[in-house]
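Below you'll find the structure, written out as structure tokens, and then a few comments.
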Amino acid sequence: MNYLSVQFALFLTAAVLGYYLVPRRARPLWLLLASYGFYILSNPLAAAGIFTATVFTFWMGRLVESRQKRELGRNLGCGAMALTVTVLLAYLGFYKIAPLFGPVFAGNSSGLERMAAAATQNVIIPLGISYYSFKLISYVVDVYWRKIPAERNFIAFAAYVAFFPQIVAGPIQRAGDFLEQVHNLNPSIALARSGLQRLLLGCFKKVVVADNLALIVGMAYPDSFSPHLSTLAAFYIFPLQLFADFSALTDIAIGVGRLFGVDGPENFNEPYLATSISQYWRRWHMTLTLWLTDYVFMPLRMATRAAGNWGLAFSLMVNMLLIGLWHSVSWTFAVFGLLHGVFLVVDALSAKTRSRFFKTHPQWDRAANCFGPVLTFHLAALAMVFVRAATMPEAFDFLSRLNAPGFQASGILEQDTLRGLVGLAVWFLWSAIEKWQWTIPARVPVWGRWAFYYLVIASIVHYGHNAEGFIYFKF
Amino acid sequence: MVDTFRDVFGDPGLTIQDTTTAADVEAWDSLTHIDLIVALERRFRIKFTTGEVTNLRNVGDLVSLIKNKTR
């Protein structure tokens, strides 16, 4: 179910009304029913998968905790945790990798291989599997590490796993944070109002900014004859489109969650103002980066700490390769991950030298603060070519056109592009106003506030171009 | 212990308290956190596990953990 559809609007209205009408004690159950309702309406065949994974992890969490409490049972606790993680990774890996084998088997003539081709080509990736499997893995590891107790209430736990605002594209909220809120559900009007504002901002960013900018990017990518300047424009505009598109999804997820009294974690913090690539990853898709830092990078880094810088480089490369492959098991995303791995290794190994240099040369430090975001943006944009291109030849074709000289252009001054850029300016201004705490409700009179909201809604209706689904829906 | 912090984070004037967290020290991120752990392991001749390292909330937690291990 697309977030920007009449079907979702009706579903959300019914879910919110029901939530406030049922007794307070029944609200977690209502959240669970609404989440499974959303899931079944979107992807009915996969509901059994999420339910089975939830029941399995719930009981394994209890087992891990009970064994951890006994001195002699610790190894069993470790084994139960490792088994749960392995099963969940195999479940996720199967759906990520199986579709790749369809074409491999299809070329063979034996009956068995033809059957295998049919089976693997028809695999439909369950909705939100990349997100809920990560939630389940972090839950059982956190119980093992004694960061959180094993959850006793199955309804609250199942609502955490299937929470419909976050199931499609995150953010990946940790169990401790979510369950604490669900056990004390007490939605306030202020939280719900801020949720509606985020929802409106998300819709605006998606249809006015992202989808208008998508048009010029779409012209340059699969088209080998796209002129140099149009390709250059697409190189710079795609990172803005992706940021608008993905952060719009996060805005909608956080906004809808707040309507039910659940505050979700932020996913972005002005990533294109980052002064280094390591800072960029602390500001872009933050919940995924933090997840991988805690459950992949840290264990790997601890295991390789005796190997010094080699261990650091290895851990960073594996971590970033996994970030790439988490999106999709393909060469383009592997290159995306490895490129970022190389950037981060260079950044990490030169950090101490740079720090010493800037301490003794403060004038260069100021220059680096200005130059850093420019360099970081270009590195991120270069890696994003491999996110946008469907295949490796398409990515290399795009990069070669980027290098070819010429002043021909087409599509840059199209009305859609200009609308997208004006929308981008409005969004940045909106964010700046919030950041500087000139919060609209606090300082602006009621009529001014509503005039602004109506203006945003009118611009969504008139200038919106909802031609594409959300980019991160497919991950 | 303060000397180890100053050495790892390259700040001779750094002061720490039990309530100090990674957010209070500019250079303290997930990369330098392991450098700190390795330096403390060498300094006190102890070994940390991954679970212990990821569970630390502040310097106070780290001090308690080291005290437990060196007891």
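Following the order of the structure tokens, first chain is A, next is B, and so on, with residues numbered from 1 inside each chain and ligands from 1 in the order they appear.
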- Spatial neighbours of Leu4 in chain A, 8 Å, only C-alpha atoms, chain gap at least 4 places, as a list in words: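 Within the cut-off, the hits are Phe8, Ala9 and Cys203 of chain A.
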- Task: Using only C-alpha atoms, select each residue of chain A with any atom at most 10 Å away from an atom of chain B, and give the selection as a ChimeraX atom specification.
- Result: /A:141-142,144-147,278-279,282,290,293-295,297-303,305-306,308,312,316,348,351-352,355-356
- Message: For the structure I just gave you, how does DSSP split chain B - specifically, which residues are alpha helix (DSSP H)? Reply as number ranges by chain.
- Response: B: 2-9, 30-44, 50-54, 59-70
- Shell around Ile460 in chain A at 10 Å using only C-alpha atoms, local window under 5 positions removed, as a PyMOL selection string: chain A and resi 200+203-209+423+454-455+465-466
